[in-house]
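Enquirer: Handing over data-v1.cif, mmCIF, C-alpha atoms.
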```cif
data_structure
#
loop_
_atom_site.label_atom_id
_atom_site.label_comp_id
_atom_site.auth_asym_id
_atom_site.auth_seq_id
_atom_site.Cartn_x
_atom_site.Cartn_y
_atom_site.Cartn_z
CA MET J 1 30.02 25.38 -19.34
CA VAL J 2 32.51 27.85 -20.84
CA SER J 3 36.03 27.35 -19.46
CA ARG J 4 38.14 30.14 -18.04
CA PHE J 5 40.33 29.90 -21.14
CA SER J 6 37.68 29.79 -23.84
CA SER J 7 35.78 32.70 -22.28
CA PHE J 8 38.57 35.00 -23.43
CA VAL J 9 37.54 34.37 -27.03
CA LEU J 10 34.25 36.14 -26.33
CA ILE J 11 35.85 39.49 -25.52
CA SER J 12 34.13 42.40 -27.25
CA CYS J 13 35.81 43.54 -30.48
CA LEU J 14 36.03 47.27 -29.81
CA VAL J 15 39.00 49.49 -30.50
CA ILE J 16 40.92 49.87 -27.26
CA ALA J 17 40.54 53.33 -25.75
CA SER J 18 43.64 54.33 -23.86
CA SER J 19 45.87 57.28 -23.14
CA PRO J 20 48.44 57.41 -25.93
CA VAL J 21 51.95 56.35 -24.99
CA HIS J 22 54.34 57.99 -27.46
CA VAL J 23 57.70 56.29 -27.72
CA SER J 24 60.50 58.04 -29.58
CA SER J 25 62.88 55.92 -31.61
CA SER J 26 66.59 56.72 -31.73
CA ALA J 27 67.13 54.14 -34.46
CA HIS J 28 69.53 54.88 -37.27
CA LEU J 29 67.82 55.48 -40.62
CA VAL J 30 69.05 53.82 -43.79
CA LYS J 31 69.76 56.06 -46.77
CA GLY J 32 66.59 57.02 -48.63
CA LEU J 33 64.20 56.83 -45.68
CA SER J 34 63.02 59.88 -43.78
CA TRP J 35 60.74 60.81 -40.88
CA SER J 36 59.09 63.41 -43.14
CA PHE J 37 59.24 61.75 -46.57
CA TYR J 38 55.69 62.67 -47.65
CA GLU J 39 55.63 66.09 -45.99
CA LYS J 40 55.10 67.83 -49.35
CA SER J 41 53.81 65.11 -51.69
CA CYS J 42 51.19 63.58 -49.34
CA PRO J 43 51.08 65.29 -45.93
CA LYS J 44 47.78 63.64 -44.95
CA VAL J 45 48.85 60.04 -45.70
CA GLU J 46 49.03 58.93 -42.06
CA SER J 47 45.75 60.58 -41.05
CA VAL J 48 43.95 59.01 -44.03
CA ILE J 49 45.22 55.57 -43.03
CA ARG J 50 44.42 55.98 -39.33
CA LYS J 51 40.91 57.29 -39.98
CA HIS J 52 40.07 54.23 -42.09
CA LEU J 53 41.67 51.75 -39.70
CA LYS J 54 39.71 53.16 -36.76
CA LYS J 55 36.53 52.24 -38.66
CA VAL J 56 37.88 48.79 -39.52
CA PHE J 57 38.91 48.03 -35.94
CA GLU J 58 35.63 49.27 -34.47
CA GLU J 59 34.00 46.47 -36.44
CA ASP J 60 36.73 43.87 -35.82
CA ILE J 61 39.78 44.60 -33.67
CA GLY J 62 41.13 41.20 -34.72
CA GLN J 63 42.18 42.73 -38.03
CA ALA J 64 44.94 44.62 -36.19
CA ALA J 65 46.92 41.45 -35.59
CA GLY J 66 46.47 40.46 -39.22
CA LEU J 67 47.95 43.73 -40.50
CA LEU J 68 50.84 43.59 -38.03
CA ARG J 69 51.68 40.07 -39.16
CA VAL J 70 51.67 41.03 -42.86
CA HIS J 71 54.36 43.66 -42.15
CA PHE J 72 56.47 41.10 -40.25
CA HIS J 73 56.19 38.54 -43.04
CA ASP J 74 56.98 41.15 -45.67
CA CYS J 75 60.11 42.48 -43.97
CA PHE J 76 61.66 39.20 -42.82
CA VAL J 77 61.77 37.60 -46.26
CA LYS J 78 63.42 39.90 -48.80
CA GLY J 79 63.02 43.20 -47.06
CA CYS J 80 60.10 45.58 -46.55
CA ASP J 81 59.20 45.91 -50.22
CA GLY J 82 55.54 44.93 -50.28
CA SER J 83 56.36 41.75 -52.22
CA VAL J 84 54.11 39.67 -49.94
CA LEU J 85 51.17 41.70 -51.26
CA LEU J 86 51.67 40.57 -54.87
CA ASP J 87 49.28 38.07 -56.42
CA GLY J 88 50.93 35.12 -58.09
CA SER J 89 50.70 33.38 -61.44
CA ALA J 90 51.38 29.91 -62.79
CA SER J 91 54.97 30.86 -63.59
CA GLU J 92 55.55 33.02 -60.49
CA PRO J 93 53.68 31.91 -57.35
CA SER J 94 52.75 34.49 -54.74
CA GLU J 95 54.59 34.62 -51.42
CA GLN J 96 51.15 34.18 -49.91
CA ASP J 97 51.12 30.58 -51.18
CA ALA J 98 54.27 29.60 -49.25
CA PRO J 99 53.49 27.46 -46.15
CA PRO J 100 54.47 30.10 -43.53
CA ASN J 101 52.15 32.64 -45.20
CA ARG J 102 49.07 30.52 -45.82
CA SER J 103 47.60 31.58 -42.48
CA LEU J 104 47.98 35.31 -43.18
CA ARG J 105 44.54 36.91 -43.17
CA ARG J 106 43.26 37.57 -46.67
CA THR J 107 41.24 40.44 -45.24
CA ALA J 108 44.52 42.14 -44.28
CA PHE J 109 45.55 42.28 -47.95
CA LYS J 110 42.14 43.68 -48.84
CA ILE J 111 42.48 46.38 -46.17
CA ILE J 112 45.89 47.41 -47.53
CA ASP J 113 44.43 47.58 -51.05
CA ASP J 114 41.61 49.78 -49.73
CA LEU J 115 44.09 52.05 -47.95
CA SER J 116 46.15 52.38 -51.12
CA GLN J 117 43.10 53.51 -53.06
CA LEU J 118 42.14 56.05 -50.39
CA VAL J 119 45.66 57.48 -50.30
CA GLU J 120 45.86 57.66 -54.09
CA LYS J 121 42.54 59.48 -54.19
CA LYS J 122 43.98 62.05 -51.78
CA CYS J 123 47.49 62.44 -53.18
CA GLY J 124 47.88 60.57 -56.44
CA GLN J 125 50.21 57.62 -56.99
CA VAL J 126 53.03 58.71 -54.68
CA VAL J 127 52.87 56.46 -51.59
CA SER J 128 54.22 52.92 -51.86
CA CYS J 129 52.30 49.86 -50.72
CA ALA J 130 55.31 48.94 -48.58
CA ASP J 131 54.99 52.24 -46.70
CA ILE J 132 51.22 51.79 -46.35
CA ALA J 133 51.80 48.33 -44.83
CA ALA J 134 54.34 49.80 -42.38
CA ILE J 135 52.00 52.60 -41.29
CA ALA J 136 49.10 50.15 -40.98
CA ALA J 137 51.21 47.92 -38.73
CA ARG J 138 52.06 50.86 -36.46
CA ASP J 139 48.41 51.92 -36.28
CA SER J 140 47.41 48.33 -35.51
CA VAL J 141 49.70 48.44 -32.49
CA PHE J 142 48.56 51.87 -31.31
CA LEU J 143 44.82 51.42 -31.88
CA SER J 144 44.83 48.18 -29.92
CA GLY J 145 46.42 49.82 -26.88
CA GLY J 146 50.12 49.85 -27.69
CA PRO J 147 52.63 52.68 -28.08
CA GLU J 148 52.38 55.53 -30.55
CA TYR J 149 55.56 55.95 -32.55
CA ASP J 150 56.84 57.49 -35.76
CA VAL J 151 57.56 55.37 -38.83
CA PRO J 152 60.39 56.26 -41.23
CA LEU J 153 59.04 56.35 -44.79
CA GLY J 154 60.30 56.30 -48.35
CA ARG J 155 60.21 52.58 -49.17
CA ARG J 156 59.45 51.56 -52.72
CA ASP J 157 57.65 48.44 -53.92
CA GLY J 158 59.50 45.37 -55.13
CA LEU J 159 59.02 43.92 -58.59
CA THR J 160 59.27 40.21 -57.81
CA PRO J 161 57.98 37.91 -55.07
CA ALA J 162 60.35 35.63 -53.17
CA THR J 163 60.30 31.92 -53.92
CA GLU J 164 58.66 29.44 -51.54
CA ASN J 165 62.07 28.26 -50.33
CA VAL J 166 63.22 31.80 -49.55
CA VAL J 167 60.01 32.52 -47.62
CA THR J 168 60.29 29.29 -45.62
CA GLU J 169 63.96 29.91 -44.82
CA ASN J 170 63.32 33.42 -43.51
CA ILE J 171 60.11 33.12 -41.46
CA PRO J 172 60.81 31.53 -38.05
CA ALA J 173 58.57 28.53 -37.42
CA PRO J 174 56.43 28.36 -34.25
CA THR J 175 58.04 24.98 -33.50
CA GLU J 176 61.57 26.41 -33.33
CA ASN J 177 63.28 26.96 -30.00
CA ALA J 178 64.84 30.18 -28.76
CA SER J 179 68.40 29.36 -29.80
CA GLU J 180 67.29 28.58 -33.36
CA ILE J 181 65.37 31.84 -33.64
CA LEU J 182 68.17 33.89 -32.07
CA SER J 183 70.63 32.39 -34.53
CA ALA J 184 68.37 33.02 -37.54
CA LEU J 185 67.57 36.62 -36.62
CA ALA J 186 71.15 37.45 -35.68
CA LYS J 187 71.83 37.18 -39.42
CA LYS J 188 69.46 40.14 -39.83
CA SER J 189 71.32 42.06 -37.08
CA PHE J 190 68.71 41.52 -34.36
CA ASP J 191 70.03 40.94 -30.83
CA ALA J 192 68.30 38.96 -28.08
CA THR J 193 66.36 41.99 -26.81
CA ASP J 194 65.09 42.72 -30.34
CA VAL J 195 63.96 39.12 -30.77
CA VAL J 196 62.07 39.02 -27.48
CA ALA J 197 60.50 42.44 -28.10
CA LEU J 198 59.32 41.50 -31.60
CA SER J 199 57.91 38.25 -30.23
CA GLY J 200 55.73 40.48 -28.05
CA GLY J 201 53.66 41.10 -31.17
CA HIS J 202 51.98 37.84 -30.19
CA THR J 203 50.14 39.79 -27.49
CA ILE J 204 47.32 40.11 -30.08
CA GLY J 205 45.95 37.69 -32.62
CA LEU J 206 44.95 34.09 -33.18
CA ALA J 207 46.81 30.86 -33.86
CA HIS J 208 45.81 27.66 -35.62
CA CYS J 209 45.93 24.47 -33.57
CA THR J 210 48.38 22.92 -36.03
CA ALA J 211 50.97 25.54 -35.06
CA PHE J 212 51.26 24.25 -31.49
CA GLU J 213 49.80 20.73 -31.55
CA ASN J 214 53.35 19.38 -31.17
CA ARG J 215 53.18 20.61 -27.56
CA LEU J 216 50.00 18.66 -26.84
CA TYR J 217 50.27 15.43 -28.84
CA PRO J 218 51.35 12.67 -28.58
CA THR J 219 52.74 13.75 -25.21
CA GLN J 220 52.25 17.04 -23.42
CA ASP J 221 55.14 19.50 -23.29
CA PRO J 222 56.30 19.50 -19.63
CA THR J 223 56.99 23.26 -19.81
CA MET J 224 53.27 23.94 -20.39
CA GLU J 225 51.14 24.77 -17.35
CA LYS J 226 48.69 21.90 -16.79
CA THR J 227 45.38 23.79 -16.66
CA PHE J 228 46.39 25.78 -19.72
CA ALA J 229 47.23 22.54 -21.55
CA HIS J 230 43.91 21.00 -20.52
CA ASP J 231 41.99 23.99 -21.87
CA LEU J 232 43.96 23.91 -25.12
CA LYS J 233 43.08 20.25 -25.62
CA GLY J 234 39.45 21.29 -25.39
CA VAL J 235 39.96 23.70 -28.28
CA CYS J 236 42.22 21.32 -30.22
CA PRO J 237 40.90 17.83 -29.36
CA THR J 238 42.99 16.04 -32.00
CA THR J 239 45.94 16.65 -34.26
CA ASN J 240 45.21 18.45 -37.53
CA SER J 241 42.33 20.39 -35.96
CA THR J 242 41.24 23.41 -38.01
CA ASN J 243 40.30 25.38 -34.90
CA THR J 244 41.99 28.58 -33.73
CA THR J 245 42.63 30.13 -30.35
CA VAL J 246 44.01 33.35 -28.90
CA LEU J 247 47.75 33.90 -28.58
CA ASP J 248 47.48 35.74 -25.26
CA ILE J 249 44.91 34.40 -22.81
CA ARG J 250 45.03 37.43 -20.50
CA SER J 251 44.21 40.25 -22.95
CA PRO J 252 43.93 38.78 -26.47
CA ASN J 253 42.76 41.96 -28.18
CA ARG J 254 44.93 44.46 -26.34
CA PHE J 255 48.53 45.29 -27.20
CA ASP J 256 50.26 45.16 -23.82
CA ASN J 257 52.89 43.17 -21.91
CA LYS J 258 50.57 40.36 -20.78
CA TYR J 259 52.09 38.00 -23.38
CA PHE J 260 55.24 38.02 -21.25
CA VAL J 261 53.20 37.42 -18.11
CA ASP J 262 51.82 34.37 -19.94
CA LEU J 263 55.35 33.11 -20.59
CA VAL J 264 56.42 33.54 -16.95
CA ASN J 265 53.36 31.48 -15.99
CA ARG J 266 54.22 28.88 -18.65
CA GLN J 267 51.14 29.75 -20.69
CA GLY J 268 52.89 30.59 -23.95
CA LEU J 269 51.28 29.00 -26.97
CA PHE J 270 54.11 28.19 -29.38
CA THR J 271 57.43 26.50 -28.65
CA SER J 272 59.01 29.67 -30.08
CA ASP J 273 57.13 31.70 -27.44
CA GLN J 274 57.58 29.62 -24.29
CA ASP J 275 61.21 28.77 -24.95
CA LEU J 276 62.07 32.46 -24.67
CA TYR J 277 61.42 32.03 -20.95
CA GLU J 278 63.00 28.59 -20.67
CA ASP J 279 66.24 29.65 -22.39
CA PRO J 280 68.71 31.37 -20.00
CA THR J 281 69.79 33.75 -22.78
CA THR J 282 66.38 35.38 -22.97
CA ARG J 283 64.67 34.57 -19.66
CA ASP J 284 65.69 37.79 -17.89
CA ILE J 285 64.51 39.88 -20.85
CA VAL J 286 61.11 38.15 -20.76
CA THR J 287 60.87 38.73 -17.01
CA SER J 288 61.81 42.42 -17.33
CA PHE J 289 59.10 42.96 -19.97
CA ALA J 290 56.53 41.11 -17.84
CA GLU J 291 57.31 43.48 -14.98
CA ASP J 292 57.65 46.72 -16.96
CA GLN J 293 55.28 47.46 -19.84
CA GLU J 294 56.93 50.79 -20.68
CA LEU J 295 60.27 49.02 -21.08
CA PHE J 296 58.66 46.51 -23.46
CA PHE J 297 57.06 49.30 -25.49
CA GLU J 298 60.40 51.15 -25.74
CA LYS J 299 62.28 48.05 -26.95
CA PHE J 300 59.45 47.00 -29.25
CA VAL J 301 59.51 50.37 -31.04
CA LEU J 302 63.29 50.18 -31.49
CA ALA J 303 63.07 46.63 -32.87
CA MET J 304 60.13 47.48 -35.16
CA THR J 305 61.96 50.51 -36.53
CA LYS J 306 64.99 48.33 -37.22
CA MET J 307 62.85 45.61 -38.82
CA GLY J 308 61.01 48.17 -40.95
CA GLN J 309 64.31 49.11 -42.63
CA LEU J 310 65.42 45.63 -43.66
CA SER J 311 66.67 45.62 -47.29
CA VAL J 312 64.36 48.45 -48.29
CA LEU J 313 64.20 49.75 -51.85
CA THR J 314 64.56 53.53 -52.07
CA GLY J 315 65.27 56.26 -54.61
CA THR J 316 64.63 54.94 -58.11
CA LYS J 317 64.69 51.24 -57.22
CA GLY J 318 61.43 49.30 -57.50
CA GLU J 319 58.25 51.26 -58.17
CA ILE J 320 55.17 52.83 -56.59
CA ARG J 321 52.41 50.32 -57.33
CA ALA J 322 49.02 51.64 -58.39
CA ASN J 323 47.50 48.36 -57.20
CA CYS J 324 49.28 46.68 -54.29
CA SER J 325 48.62 43.17 -55.58
CA VAL J 326 49.91 43.74 -59.14
CA ARG J 327 53.12 45.10 -60.67
CA ASN J 328 52.52 48.23 -62.70
CA SER J 329 53.74 46.48 -65.85
CA GLU J 330 50.92 43.95 -65.46
CA ASN J 331 48.21 46.31 -64.25
CA PRO J 332 45.43 46.39 -66.90
CA ASP J 333 44.10 49.73 -65.63
CA LEU J 334 47.48 51.41 -66.08
CA LEU J 335 47.99 49.80 -69.50
CA LYS J 336 44.55 51.01 -70.53
CA SER J 337 45.30 54.58 -69.44
CA VAL J 338 48.60 54.54 -71.37
CA VAL J 339 46.79 53.41 -74.52
CA GLU J 340 44.13 56.10 -74.04
CA GLU J 341 46.81 58.77 -73.62
CA ASP J 342 48.56 57.59 -76.78
CA LEU J 343 45.29 57.73 -78.71
CA GLU J 344 44.60 61.24 -77.43
CA SER J 345 48.09 62.35 -78.47
CA TYR J 346 47.62 60.78 -81.90
CA ALA J 347 44.26 62.52 -82.32
CA GLU J 348 45.82 65.88 -81.45
CA LEU J 349 48.51 65.38 -84.09
CA LYS J 350 45.98 64.66 -86.86
#
```
Any chance you could give the structure as structure tokens?
Expert:
Amino acid sequence: MVSRFSSFVLISCLVIASSPVHVSSSAHLVKGLSWSFYEKSCPKVESVIRKHLKKVFEEDIGQAAGLLRVHFHDCFVKGCDGSVLLDGSASEPSEQDAPPNRSLRRTAFKIIDDLSQLVEKKCGQVVSCADIAAIAARDSVFLSGGPEYDVPLGRRDGLTPATENVVTENIPAPTENASEILSALAKKSFDATDVVALSGGHTIGLAHCTAFENRLYPTQDPTMEKTFAHDLKGVCPTTNSTNTTVLDIRSPNRFDNKYFVDLVNRQGLFTSDQDLYEDPTTRDIVTSFAEDQELFFEKFVLAMTKMGQLSVLTGTKGEIRANCSVRNSENPDLLKSVVEEDLESYAELK
């Protein structure tokens, strides 16, 4: 017999059809970013990205959560510079190899690479991978039922990945409590409302059992609703299980405010989720979002716009990568084209 909880996993993977909710952001823009950055150099960039993502999500709406998470993990570490997209080497490991990033979906990186190629085919090498990741995150929210909003653009791509220690220090762990997360994100100028709103990104996506097994074993977390805990133990029967489950049991594939309804009913998955309701600093914010989806959307857009501007590279800093996973200086295709151009120039001089 399929339990009430596990039946949610079987929800059809179709792109959510809904009336668009457009939320305007009044966020301050850092120098170098603009709401119309590609107006002349690549005016179709956002439509190219959305057209492709619609096709991707029609086949698997689960990819939306993967793309949203990549943007989070890029921005929180050393700023929104696309450094999480870089492949590593023996001397310089990829950010993807750091423990907090090992569960990022590899298909999300492939999708961003595909988008980069489509955009370059349309406009040439003018749009950064960091901007593509930011637009893809916004479209992941909107195409799974969330708000439509504008994304400031003009980021450039970083030249070096962060070290494992830097990644680990900057990505909040699912086992951390609310006060720990509030303290960590306050250093990035996020207030309590920002933190709770950004946590609402967990309204879509999956989680590995190992990320919340501390709440089940050896003793059950008393803040977890009993039936919910029983169902979770069915999915994760032992510690170190490789199974996954949905982050939001009410509407796992739809971007809405049901994640907060989960928390009010003590059905949050991670310690970092449920403690937002248990902690008096954030409880009222959680409750207000559970009661008012439009309010959540408004605050989510503000927090996302703020997050999307963390330590960005603009102007002449960084580069515009031709391949999102490789620095231009190490891209064999670019090196080959430079050699060919030099040979052509030499031939013309002869």
Enquirer: Counting only C-alpha atoms, which residues in segment 194-228 of chain J sit no more than 12 Å from segment 70-92 of chain J? For each one, give the nearest pair of atoms and the distance in Å, sorted by chain then residue number, as CSV.
Expert:
```
residue,atom,partner,partner_atom,distance
J:Leu198,CA,J:Phe72,CA,9.1
J:Ser199,CA,J:Phe72,CA,10.5
J:Gly201,CA,J:Phe72,CA,9.5
J:His202,CA,J:Phe72,CA,11.5
```
Enquirer: Measuring atom to atom with all atoms listed in the file, identify which of J:Ala64, J:Ile249, J:Leu269, J:Leu182 is nearest to Phe212 of chain J.
Expert: J:Leu269
Enquirer: With distances taken over only C-alpha atoms, which of J:Ser189, J:Ser103, J:Thr239, J:Ser325 is nearest to Leu310 of chain J?
Expert: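 Nearest candidate to Leu310 of chain J out of J:Ser189, J:Ser103, J:Thr239, J:Ser325: J:Ser189.
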Enquirer: What separation in Å, quoted to one decimal, exists between atom CA of Asn243 of chain J and atom CA of Arg105 of chain J?
Expert: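 Interatomic distance, atom CA of Asn243 of chain J to atom CA of Arg105 of chain J: 14.8 Å.
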Enquirer: Run the PyMOL selection byres ((chain J and resi 128-136) around 9) mentally over the shown coordinates, then write out the matched residues as a PyMOL selection string, using the chain letters and numbers from the document.
Expert: chain J and resi 45-46+49-50+53+64+67-68+70-71+74+80-83+85+112-113+115-116+119+125-127+137-141+150-158+308+319-324
Enquirer: So how far away is atom CA of Glu95 of chain J from atom CA of Ile111 of chain J, in Å?
Expert: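 Distance between the two atoms: 17.7 Å.
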Enquirer: Any idea what the distance is between atom CA of Leu247 of chain J and atom CA of Gln274 of chain J?
Expert: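 These atoms are spaced 11.5 Å apart.
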Enquirer: When distances are computed from all atoms listed in the file, which of J:Thr316, J:Asn240, J:Asn257, J:Thr203 shows the smallest separation from Leu216 of chain J?
Expert: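 Smallest separation from Leu216 of chain J among the options: J:Asn240.
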Enquirer: When distances are computed from only C-alpha atoms, which of J:Leu206, J:Leu263, J:Ala108, J:Ala290 shows the smallest separation from Gly66 of chain J?
Expert: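 Residue with the minimum atom-to-atom distance to Gly66 of chain J: J:Ala108.
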Enquirer: Could you tell me which residues the PyMOL selection byres ((chain J and resi 184) around 12) returns for this structure, as number ranges by chain?
Expert: J: 76-77, 169-173, 176-183, 185-192, 195
Enquirer: Of the candidates J:Ser272, J:Thr238, J:Thr245, J:Thr168, which one gets nearest to Val196 of chain J if we count all atoms listed in the file?
Expert: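 Closest candidate: J:Ser272.
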Enquirer: Choose the residue, out of J:Gln309, J:Asn165, J:Thr242, J:Thr287, that has the smallest atom-to-atom separation from Ala207 of chain J; count only C-alpha atoms.
Expert: J:Thr242
Enquirer: Would you mind listing what lies within 9 Å of Ser241 of chain J as JSON, numbers by chain, with only C-alpha atoms counted and same-chain residues fewer than 2 positions away left out?
Expert: {"J": [208, 209, 210, 213, 235, 236, 237, 238, 239, 243, 244]}
Enquirer: Give me a file of those residues, with C-alpha atoms, as a CSV table (one decimal), keeping the file's coordinate frame.
Expert:
```csv
chain,number,residue,atom,x,y,z
J,208,HIS,CA,45.8,27.7,-35.6
J,209,CYS,CA,45.9,24.5,-33.6
J,210,THR,CA,48.4,22.9,-36.0
J,213,GLU,CA,49.8,20.7,-31.6
J,235,VAL,CA,40.0,23.7,-28.3
J,236,CYS,CA,42.2,21.3,-30.2
J,237,PRO,CA,40.9,17.8,-29.4
J,238,THR,CA,43.0,16.0,-32.0
J,239,THR,CA,45.9,16.6,-34.3
J,243,ASN,CA,40.3,25.4,-34.9
J,244,THR,CA,42.0,28.6,-33.7
```
Enquirer: Determine, counting only C-alpha atoms, which protein, DNA and RNA residues have an atom within 12 Å of an atom of Thr219 of chain J; residues of the same chain fewer than 4 positions away are not included. Present the result as a PyMOL selection string.
Expert: chain J and resi 213-215+223-224+229+233+239
